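Peer 1: Starting off with a structure, shown below.
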Amino acid sequence: MEVNLTKNAIKLRLANALRAKFENYKPETSCMPFHTRLLGKDRMALYSFIQSLNTNFGTSIFEPVAEELGHCCFDIIERQKEVGNIITKEAQRVIQDIMDSLESGNSKPNKNDEVRRILDVAQSGEISTIKPTKVDLFLQRGNNAYLIDIKTAKPNKGDFKEFKRTLLTWVACYAYVNPQVNIHSLIAIPYNPYEPKPYERWTMAGMLDLDFELKVAKEFWDFVGGTGSYEIILDSFEEVGLEMRNEIDEYFKNFN
């Protein structure tokens, strides 16, 4: 990987994403008179901007950065990809069986076995038309396709079940039209909020196969762009922040 070229491309993507956010940003209309008088309109606008940015950081920042980073390692890269809308009723039954067994604690997550069971029935019998969520980041290298769902760093425990169902459903729908492809569906967490401690939030849920369905922080970025990519990403964010500091400060002065 040509580090300087990659970093410059990532920085450009990041700066453009931030400027696009500035152009479309509208501060919250809720009145907070005490906070505003204490901190000032510009700081309150910055606070509101950060809150707004957090809600779609994955789509507006992480996805385009990952797309740029992955060009050196993958043949095909797509964002917000549709996996297909057809699933066999047998595949739906298998997915429900897997979910029931995991929820009851009768089995532990085993992605290889789960995928095998789904593929066995992914093209047989009656079909249903559904509307699965789009894949945040689709990567393909050779005959291996990776369907990645990028999540916030601290998802709610109650969301685990739906995450798992989504990953299994993607396998079934994509396999219906791509039976010869090796399909890998997984959750990506862009950073570890518990560093330097390990990321442990998911171990309580009993839903994900942590070896095959979860990539966190360095593991995710290095998977997308190769060894050293996580450090490149962090450096790029820091450099863009320094280079745009005056531009950012001037933008928020307008709210005074």
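Every chain in the structure tokens has a letter given in the order shown (A, B, ...), and although residue numbers restart at 1 in each chain, ligands are simply numbered from 1 in the order shown.
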Which of segment 127-251 of chain A counts as alpha helix (DSSP H) under DSSP, as a PyMOL selection string please?
Peer 2: chain A and resi 160-177+218-225+229-243+245-251
Peer 1: Could you dump the residues just selected with C-alpha atoms as a PDB file, in the first residue's frame?
Peer 2:
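This went into again-v2.pdb:
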```pdb
ATOM      1  CA  PHE A 160     -27.995  -7.896  19.595  1.00  0.00           C
ATOM      2  CA  LYS A 161     -30.787 -10.189  18.462  1.00  0.00           C
ATOM      3  CA  GLU A 162     -31.688  -8.026  15.485  1.00  0.00           C
ATOM      4  CA  PHE A 163     -28.023  -7.667  14.524  1.00  0.00           C
ATOM      5  CA  LYS A 164     -27.676 -11.435  14.433  1.00  0.00           C
ATOM      6  CA  ARG A 165     -30.882 -11.933  12.461  1.00  0.00           C
ATOM      7  CA  THR A 166     -29.733  -9.348   9.935  1.00  0.00           C
ATOM      8  CA  LEU A 167     -26.405 -11.109   9.399  1.00  0.00           C
ATOM      9  CA  LEU A 168     -28.117 -14.461   8.837  1.00  0.00           C
ATOM     10  CA  THR A 169     -30.758 -12.972   6.544  1.00  0.00           C
ATOM     11  CA  TRP A 170     -28.074 -11.334   4.401  1.00  0.00           C
ATOM     12  CA  VAL A 171     -26.445 -14.734   3.913  1.00  0.00           C
ATOM     13  CA  ALA A 172     -29.713 -16.304   2.790  1.00  0.00           C
ATOM     14  CA  CYS A 173     -30.694 -13.494   0.392  1.00  0.00           C
ATOM     15  CA  TYR A 174     -27.259 -13.084  -1.151  1.00  0.00           C
ATOM     16  CA  ALA A 175     -26.814 -16.834  -1.546  1.00  0.00           C
ATOM     17  CA  TYR A 176     -30.096 -17.093  -3.447  1.00  0.00           C
ATOM     18  CA  VAL A 177     -28.616 -15.145  -6.376  1.00  0.00           C
ATOM     19  CA  LYS A 218      -7.601  -2.074  14.572  1.00  0.00           C
ATOM     20  CA  GLU A 219      -8.773  -5.524  13.526  1.00  0.00           C
ATOM     21  CA  PHE A 220     -11.494  -3.977  11.326  1.00  0.00           C
ATOM     22  CA  TRP A 221      -9.388  -1.255   9.685  1.00  0.00           C
ATOM     23  CA  ASP A 222      -6.419  -3.542   9.087  1.00  0.00           C
ATOM     24  CA  PHE A 223      -8.776  -6.096   7.538  1.00  0.00           C
ATOM     25  CA  VAL A 224     -10.119  -3.477   5.123  1.00  0.00           C
ATOM     26  CA  GLY A 225      -6.826  -1.861   4.156  1.00  0.00           C
ATOM     27  CA  SER A 229      -4.265   0.885   8.250  1.00  0.00           C
ATOM     28  CA  TYR A 230      -5.603   1.686  11.721  1.00  0.00           C
ATOM     29  CA  GLU A 231      -2.647   3.964  12.403  1.00  0.00           C
ATOM     30  CA  ILE A 232      -3.098   5.616   8.999  1.00  0.00           C
ATOM     31  CA  ILE A 233      -6.747   6.307   9.811  1.00  0.00           C
ATOM     32  CA  LEU A 234      -5.928   7.827  13.198  1.00  0.00           C
ATOM     33  CA  ASP A 235      -3.161   9.992  11.723  1.00  0.00           C
ATOM     34  CA  SER A 236      -5.473  11.138   8.925  1.00  0.00           C
ATOM     35  CA  PHE A 237      -8.174  12.220  11.360  1.00  0.00           C
ATOM     36  CA  GLU A 238      -5.656  14.099  13.485  1.00  0.00           C
ATOM     37  CA  GLU A 239      -4.072  15.870  10.518  1.00  0.00           C
ATOM     38  CA  VAL A 240      -7.420  16.908   9.036  1.00  0.00           C
ATOM     39  CA  GLY A 241      -8.463  18.263  12.433  1.00  0.00           C
ATOM     40  CA  LEU A 242      -5.310  20.381  12.654  1.00  0.00           C
ATOM     41  CA  GLU A 243      -5.479  21.544   9.038  1.00  0.00           C
ATOM     42  CA  ARG A 245      -9.002  23.982  12.836  1.00  0.00           C
ATOM     43  CA  ASN A 246      -9.272  27.608  11.683  1.00  0.00           C
ATOM     44  CA  GLU A 247     -12.026  26.718   9.209  1.00  0.00           C
ATOM     45  CA  ILE A 248     -13.965  24.941  11.947  1.00  0.00           C
ATOM     46  CA  ASP A 249     -13.527  27.808  14.415  1.00  0.00           C
ATOM     47  CA  GLU A 250     -14.687  30.361  11.839  1.00  0.00           C
ATOM     48  CA  TYR A 251     -17.734  28.263  11.009  1.00  0.00           C
TER      49      TYR A 251
END
```
Peer 1: Quick one: of A:Ser52, A:Val65, A:Cys31, A:Leu214, who's nearest to Lys11 of chain A, counting only C-alpha atoms?
Peer 2: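 Smallest separation from Lys11 of chain A among the options: A:Val65.
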Peer 1: Can I get the residues of segment 44-75 of chain A within 12 Å of segment 178-189 of chain A, each with the closest pair of atoms and their distance in Å to one decimal, using only C-alpha atoms, sorted chain first then ascending number, as JSON lines?
Peer 2:
```
{"residue": "A:Phe57", "atom": "CA", "partner": "A:Ile189", "partner_atom": "CA", "distance": 11.9}
{"residue": "A:Gly58", "atom": "CA", "partner": "A:Ile189", "partner_atom": "CA", "distance": 9.7}
{"residue": "A:Phe62", "atom": "CA", "partner": "A:Ile189", "partner_atom": "CA", "distance": 10.2}
{"residue": "A:Glu63", "atom": "CA", "partner": "A:Ala188", "partner_atom": "CA", "distance": 11.0}
{"residue": "A:Ala66", "atom": "CA", "partner": "A:Ala188", "partner_atom": "CA", "distance": 11.1}
```
Peer 1: With only C-alpha atoms as the counted atoms, please give the residues lying no more than 8 Å from Phe74 of chain A, apart from itself and same-chain residues fewer than 5 positions off, as a VMD selection string.
Peer 2: chain A and resid 139 to 141
Peer 1: Using only C-alpha atoms, find the one residue out of A:Ile61, A:Leu69, A:Met32, A:Leu39 that sits nearest to Ala17 of chain A.
Peer 2: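 Ranked by minimum distance to Ala17 of chain A, first place goes to A:Ile61.
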